[in-house]
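Written below as structure tokens is the structure these notes are about.
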Amino acid sequence: MLLAEGLGLPLWPERATEFAVRYDWLFIYILVVTTIAGLLVYAGLTYLCFRYAKKPGGTSQRVLGSHKLELIWTAIPAAFFLSFFVGSTIIFDEVSHPPADAPEIFVVGKQWMWKIQHPNGVREINELHLQDGVAVKVTITSEDVIHNFGIPAFRNKIDAMPGRYVTTWYKPNKVGTYHIFCDQYCGQGHSQMVGKVHVLSKDDYAAWLEGHKTDAPGTPGDRPTDGTAAWHGQQLFFKLQCINCHNNVYDADSVNSSNRAPNLEGLFGSKVPLEGGKTVSADGAYIRESIRNPEAKVHAGWKAIMPAYPRAQVSEEELGQLVAYIQYLKKGKLPKRTSQDAAPVGAPTAGESLGDKVPPAPIPAPAPQPDDKKPADKKPEEKKPAPTKGGN
Amino acid sequence: MATTHAPATTPTTLELDYTPQTAPPVVDVDGPPKVHYLNHSFGWLSWLLTVDHKRIGILYLIPLTIFFMCGGIAAGLVRLNLIQPYGAILELDQYNKAFTAHGTIMLFLFLIPVIPGVLGNFFVPMMIGAKDMAFPKLNLASWYVWMGGAMFFIAALLFGGLDTGWTFYPPYSSKYSHTNVIWAGLGVFITGFSSILTGLNIIATVHKMRAPGMTWGRLPLFVWAMYATSVIQILATPVLAMAVCLLATERIFGVGIFDPSLGGDPLLFQHLFWYYSHPAVYIMILPGMGVINEVITCFSRKNIFGYKAVAWSSVGIAVVGFLVWGHHMFLSGQGVYLGMVFSVLTMLVAIPSAVKVFNWTATFYGGQITFEAPMLFTIGFIVLFTIGGLTGLFLGILGTDIHLHDTYFVIAHFHFTMVGGMMFAWQAGLHFYWPKMTGKMYSDFWSRLAAVIMLVGFSLTFLPQFVAGYHGLPRRYPYYPVEFQMMNILSTAGATIQGFGYLMPAVYLPLSLFFGRNAGANPWRATGLEWQTPSPPTMHNFEELPIVTHGPYEYALPSKFTLEDGHAHETKGGNGGH
Ligand code: HEM
Ligand SMILES: [Cu+2]
């Protein structure tokens, strides 16, 4: 690594999380052990080459081997490998288990950009703003081919797989700007699928949020106020007419009654009994699967009548928003629905029902979608809804 | 045969330039036999229809050399492009095609077939005292299949190109790439059959064709390595063929196998692909390790240290090598526990590799070491492979792979194993056996210089890549952040030196055919049966069936085996046979 100094790279690559420091310790431990092992081999080789170089009239000795030595140089490496493995398991365990209460950021890879959505609805492309000292959970997927979301300064990297959702987490501890790389070859623009993470101090982060005019500094899923992921999810919940079946109307005569499908209030995090006797816990992965491929796991007691929603209908981003909405849906949060007001596709749906639980404080109106540089991405139906009214 | 074995008492005049300077005095300089495998018949057909394993070996050698040059040119383009952070010479698409061409050609058309095709064909029968392979016609068929597949492949690269990387990951390869995935896949599919057929042939040969007395415990370690390789080829290659077929099915007919938008699973492909391709890295390295055993014993005049350990470690690598493929997919979300299992198994397979390195080093102990070109290449192999294997640990360990996966660290790791390892072993083997194959000795000076230049060039190329990789530079990036430029320039400079290194044998080896001194039957005074034949060998290798009475590397038994008398036919008649 010394070589690096003065050749454009810093002496040691930058570290911006505690995890990175722990990672480096493991790396350094292995580096030291392997360097010593390598040097021992080289020293032995050099010594033997000089010592036993051919001498005129010399004869070689008939040495056939030594089981004792072989045992030693099998066992010693094995012991070291085991210690590497133990350290490795600790590190990997850490990186695969986000803290339970960390807010969740969705990252969607797409040829050739990263679309990032914060729980408060702020969306960014190829840029990720994080607050120093605040842990975030990151859920990653892809809309097309396999990508890989890597941040060297965090010593973190994870595949963005179409059809799969992988999670990791970061807790940045150093203000600065760092690379985001796509590490999995994804075609022509692979090397331009890069971005920056900005780790901001608390104040700067607040200022940055302010600059994005979001109205929801609250915790995720707290309330689907304008612009949050849950809010977008609620839009979709109506637009896609999920609510026609998943509602809280128990009216046997109505087609739009919840006797066809489970009410989703309070679903998130609960244990769901399945047809066939198993149970699953309703996490993001289960909810995603239930939307993409409802027949995979059928809630016990319900018929498998729900249509599947492929990516053509619900993009990965939208899927993330639906998950956020369902996470938000605590008991009693679902807007009242009657058969009369079944919203036609594309109708603005937020108004009335949203008001329910939102505190009367005035909420800045403009819908955010601030960073979405590609207007084409916005579907016309997603037009800014009427500002929420306080109270019914 | 009369001319063959008469020891010449005086060296001939032409040879001075070509005398190995520290080689033991060459007492067995004699002319080549009048009739040998190269000149017993002439004309294209006598080559294209030959069933002689030696001629087939040469048939592999020529196209393999050409493919190596093609792959090398592609590498040159890639490296040249990287001296500028925004690409010096190539467009993005061209760059992607160039690195794909480099990787696929080097792997499928060079590293996998090179030692089995050339040295395996030529020397496995000779080493076990056989006149030919078990199935000579199958052997020729296998060459045709391979050439057919290779031609397909090259055509696919030339007319349209391929931009998926050698890993062919879907859904990129099945849906998004606009290049010749199908044709290239077909090429890989076909060459795979050749690999299977060659493997079968070698296994049958080793089982059935051994000379009397050539027990398993007396097999040269090269034969053990080829045997282990063949087992892998037979068991793993069909899985690659399946993966390629499924990929083609998805691409052509839109059947959802790997693409999730069609209901498939992209991880499935990775499982199938690495189920072949991890063992394939051992297909690439084991034959090389085999060669190292032959060379190291000969030039240190020693038995191998721990014959059994070395032989069984080949088999161990072959078996456990089948169980570690998931270490290429640690970050794909395959599951933490699965990752842990693959990680432990990877550590396990690293142990026999380590044992081999230690045993080779220990073989030097008590020797009489000389440093001709084959030995220099072998020492280069040990030096570089040690780094390759040790850095493999960083990648095989789940925790450290997180940051290193798909960076230049991986690139550097596998070049240390495959170029530093296999390529150096191939050079060692080629230089060791060239006199036997052609009957001529090449320039001692230039060959040693080439070994040193390759070593220096190689290290300069790939050591900086470890650093760049640890700083996060991803692989397959035509554009890169400017802070990595110096590392890339160093690497390109190294590649240039390396390129010169590879060109040198391409000059002095052919020249030796015309100007080289006659090598004589056994210029290195090696003990193997293959050296008990004239150089170049005659049509049927052995005039009389050899009878083997001892292990392969008895260099240290002076009276019988150092060939002080020029030609001790010590492997024959030891049992009073004739
Ligand atoms: C001590 C033994 C070895 C260990 C522990 C080891 C481990 C690994 C691991 C874990 C990876 C995956 C890295 C990643 O993608 O993140 C890898 C990649 C690779 N290794 Fe090794 N390896 C060893 C020896 C070899 C040998 C002998 C060869 C070939 C001759 C080889 C060739 C490769 C290749 C070609 C890749 C890259 C594949 C790709 O992604 O394109 N390795 N190695
Ligand atoms: Cu592998």
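The way I read the labels, and the way they are meant: chains A, B, ... in the order of the structure tokens, residue 1 as the first residue of every chain, and ligand 1 as the first ligand shown, with later ones counted on from there.
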Once you count only C-alpha atoms and all ligand atoms, which residues end up within 7 Å of ligand 1, and could you hand them over as a ChimeraX atom specification?
/B:166-167,281-282,284-285,327-328,346-347,349-350,353,388-390,392-393,395-397,401,404-406,410-411,413-414,417-418,421-422
What does the list of residues within 8 Å of ligand 2 look like if you count only C-alpha atoms and all ligand atoms, written as an NGL selection string?
:B and (274 or 277-279 or 281 or 324-328)
Neighbouring residues of Gln485 (chain B) were defined as those with any atom within 10 Å, considering only C-alpha atoms; residues of the same chain fewer than 2 positions away were excluded. Please report them as a PyMOL selection string.
(chain A and resi 7-9) or (chain B and resi 82-85+468+480-483+487-491)
Written selection (C-alpha atoms) as a CSV table (one decimal), in the first residue's frame:
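Listing of result-v2.csv after writing:
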```csv
chain,number,residue,atom,x,y,z
A,7,LEU,CA,1.0,7.8,-7.1
A,8,GLY,CA,-2.4,9.5,-7.0
A,9,LEU,CA,-3.9,7.4,-4.2
B,82,LEU,CA,-6.6,2.4,-19.6
B,83,ILE,CA,-3.7,4.8,-19.6
B,84,GLN,CA,-6.3,7.6,-19.8
B,85,PRO,CA,-9.2,7.9,-17.3
B,468,ALA,CA,-6.0,-0.2,-7.0
B,480,TYR,CA,-12.3,5.5,-14.0
B,481,PRO,CA,-11.7,8.2,-11.4
B,482,VAL,CA,-8.5,10.0,-12.2
B,483,GLU,CA,-6.8,9.1,-8.9
B,487,MET,CA,-1.7,2.7,-11.1
B,488,ASN,CA,-3.1,2.0,-14.5
B,489,ILE,CA,-0.1,3.5,-16.2
B,490,LEU,CA,2.3,1.3,-14.2
B,491,SER,CA,0.2,-1.7,-15.0
```
Pro77 (chain A) environment, 12 Å, only C-alpha atoms, sequence neighbours closer than 4 positions dropped, as a short mmCIF file (atom, residue, chain, number, x, y, z; two decimals) with N, CA, C and O atoms, in the first residue's frame:
```cif
data_model
loop_
_atom_site.label_atom_id
_atom_site.label_comp_id
_atom_site.auth_asym_id
_atom_site.auth_seq_id
_atom_site.Cartn_x
_atom_site.Cartn_y
_atom_site.Cartn_z
N ILE A 30 -5.13 -10.54 8.23
CA ILE A 30 -4.85 -11.54 7.19
C ILE A 30 -3.63 -11.13 6.37
O ILE A 30 -2.79 -11.95 6.03
N VAL A 33 -0.49 -11.98 8.35
CA VAL A 33 -0.23 -13.43 8.38
C VAL A 33 0.24 -13.92 7.01
O VAL A 33 1.24 -14.63 6.88
N THR A 34 -0.48 -13.51 5.96
CA THR A 34 -0.11 -14.03 4.64
C THR A 34 1.23 -13.46 4.18
O THR A 34 2.00 -14.15 3.52
N ILE A 36 3.76 -12.71 6.11
CA ILE A 36 4.81 -13.48 6.79
C ILE A 36 4.95 -14.85 6.14
O ILE A 36 6.05 -15.31 5.84
N ALA A 37 3.81 -15.48 5.88
CA ALA A 37 3.87 -16.81 5.26
C ALA A 37 4.60 -16.74 3.93
O ALA A 37 5.49 -17.55 3.63
N GLY A 38 4.21 -15.74 3.12
CA GLY A 38 4.85 -15.60 1.81
C GLY A 38 6.34 -15.36 1.94
O GLY A 38 7.15 -15.99 1.25
N GLU A 70 5.08 -32.46 6.86
CA GLU A 70 3.85 -32.24 6.09
C GLU A 70 2.68 -31.99 7.03
O GLU A 70 1.82 -31.14 6.76
N LEU A 71 2.66 -32.73 8.11
CA LEU A 71 1.59 -32.54 9.08
C LEU A 71 1.64 -31.12 9.62
O LEU A 71 0.62 -30.43 9.73
N ILE A 72 2.87 -30.68 9.93
CA ILE A 72 3.01 -29.33 10.49
C ILE A 72 2.52 -28.30 9.49
O ILE A 72 1.73 -27.42 9.82
N TRP A 73 2.96 -28.44 8.24
CA TRP A 73 2.54 -27.37 7.33
C TRP A 73 1.17 -27.61 6.71
O TRP A 73 0.73 -26.89 5.84
N PHE A 81 -6.32 -20.43 8.93
CA PHE A 81 -7.52 -20.26 8.09
C PHE A 81 -8.75 -20.21 8.97
O PHE A 81 -9.68 -19.44 8.74
N LEU A 82 -8.75 -21.05 9.99
CA LEU A 82 -9.90 -21.09 10.88
C LEU A 82 -10.07 -19.74 11.56
O LEU A 82 -11.19 -19.21 11.68
N SER A 83 -8.96 -19.15 11.98
CA SER A 83 -9.07 -17.86 12.66
C SER A 83 -9.55 -16.79 11.68
O SER A 83 -10.34 -15.92 12.04
N PHE A 84 -9.10 -16.86 10.44
CA PHE A 84 -9.63 -15.92 9.43
C PHE A 84 -11.13 -16.07 9.33
O PHE A 84 -11.88 -15.10 9.26
N MET B 347 -11.47 -22.43 2.25
CA MET B 347 -10.26 -22.55 3.07
C MET B 347 -9.70 -23.97 2.95
O MET B 347 -8.50 -24.19 2.86
N LEU B 348 -10.63 -24.93 2.94
CA LEU B 348 -10.21 -26.33 2.90
C LEU B 348 -9.45 -26.63 1.61
O LEU B 348 -8.43 -27.32 1.62
N VAL B 349 -9.93 -26.09 0.49
CA VAL B 349 -9.28 -26.41 -0.78
C VAL B 349 -7.98 -25.64 -0.91
O VAL B 349 -7.11 -25.99 -1.72
N ALA B 350 -7.83 -24.57 -0.10
CA ALA B 350 -6.57 -23.84 -0.19
C ALA B 350 -5.44 -24.63 0.48
O ALA B 350 -4.27 -24.43 0.17
N ILE B 351 -5.81 -25.53 1.40
CA ILE B 351 -4.77 -26.25 2.13
C ILE B 351 -3.90 -27.13 1.21
O ILE B 351 -2.68 -27.01 1.24
N PRO B 352 -4.52 -27.98 0.37
CA PRO B 352 -3.64 -28.76 -0.52
C PRO B 352 -2.76 -27.90 -1.42
O PRO B 352 -1.63 -28.28 -1.73
N SER B 353 -3.28 -26.73 -1.82
CA SER B 353 -2.44 -25.85 -2.65
C SER B 353 -1.24 -25.39 -1.85
O SER B 353 -0.11 -25.36 -2.36
N ALA B 354 -1.49 -25.05 -0.58
CA ALA B 354 -0.38 -24.61 0.27
C ALA B 354 0.61 -25.75 0.46
O ALA B 354 1.83 -25.56 0.36
N VAL B 355 0.09 -26.95 0.70
CA VAL B 355 0.97 -28.10 0.91
C VAL B 355 1.87 -28.30 -0.30
O VAL B 355 3.07 -28.56 -0.18
N PHE B 358 4.73 -25.81 -0.24
CA PHE B 358 5.74 -26.17 0.75
C PHE B 358 6.56 -27.37 0.28
O PHE B 358 7.78 -27.41 0.42
N LEU B 390 -2.26 -16.93 -1.80
CA LEU B 390 -2.49 -16.18 -0.56
C LEU B 390 -3.55 -15.10 -0.74
O LEU B 390 -4.38 -14.87 0.13
N LEU B 393 -7.07 -16.21 -0.49
CA LEU B 393 -7.65 -16.29 0.84
C LEU B 393 -8.50 -15.07 1.16
O LEU B 393 -9.59 -15.17 1.71
#
```
Between CA of Thr279 (chain A) and CA of Leu322 (chain A), what is the distance in Å, rounded to a tenth?
22.0 Å
Give me the residues near region 325-327 of chain A as an mmCIF file with N, CA and C atoms, in the first residue's frame, where near means some atom within 7 Å (using only C-alpha atoms) and where sequence neighbours in that chain fewer than 4 positions away do not count.
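Final output, result.cif:
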```cif
data_model
loop_
_atom_site.group_PDB
_atom_site.id
_atom_site.type_symbol
_atom_site.label_atom_id
_atom_site.label_comp_id
_atom_site.auth_asym_id
_atom_site.auth_seq_id
_atom_site.Cartn_x
_atom_site.Cartn_y
_atom_site.Cartn_z
ATOM 1 N N GLY A 221 -42.836 5.958 7.773
ATOM 2 C CA GLY A 221 -44.035 5.208 8.089
ATOM 3 C C GLY A 221 -44.849 5.845 9.191
ATOM 4 N N ALA A 230 -44.308 6.281 1.748
ATOM 5 C CA ALA A 230 -45.592 5.697 2.099
ATOM 6 C C ALA A 230 -46.730 6.440 1.408
ATOM 7 N N TRP A 231 -46.531 7.721 1.284
ATOM 8 C CA TRP A 231 -47.564 8.516 0.609
ATOM 9 C C TRP A 231 -47.691 8.102 -0.867
ATOM 10 N N GLY A 233 -46.909 5.322 -1.930
ATOM 11 C CA GLY A 233 -47.473 3.982 -1.883
ATOM 12 C C GLY A 233 -48.985 4.031 -1.758
ATOM 13 N N GLN A 234 -49.450 4.974 -0.976
ATOM 14 C CA GLN A 234 -50.903 5.061 -0.834
ATOM 15 C C GLN A 234 -51.555 5.462 -2.153
ATOM 16 N N LEU A 264 -55.115 -5.217 5.224
ATOM 17 C CA LEU A 264 -53.660 -5.188 5.409
ATOM 18 C C LEU A 264 -53.209 -4.361 6.614
ATOM 19 N N PHE A 268 -47.812 -5.638 8.604
ATOM 20 C CA PHE A 268 -46.358 -5.603 8.589
ATOM 21 C C PHE A 268 -45.784 -6.043 9.937
ATOM 22 N N GLN A 321 -42.425 1.656 -2.689
ATOM 23 C CA GLN A 321 -43.376 2.593 -2.091
ATOM 24 C C GLN A 321 -44.565 1.851 -1.502
#
```
Members of region 127-315 of chain A assigned helix (DSSP H, G or I) by DSSP, as a PyMOL selection string:
chain A and resi 152-154+190-192+202-211+229-239+242-245+284-292
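Here CA of His550 (chain B) and CA of Phe299 (chain B) stand 19.3 Å from one another.
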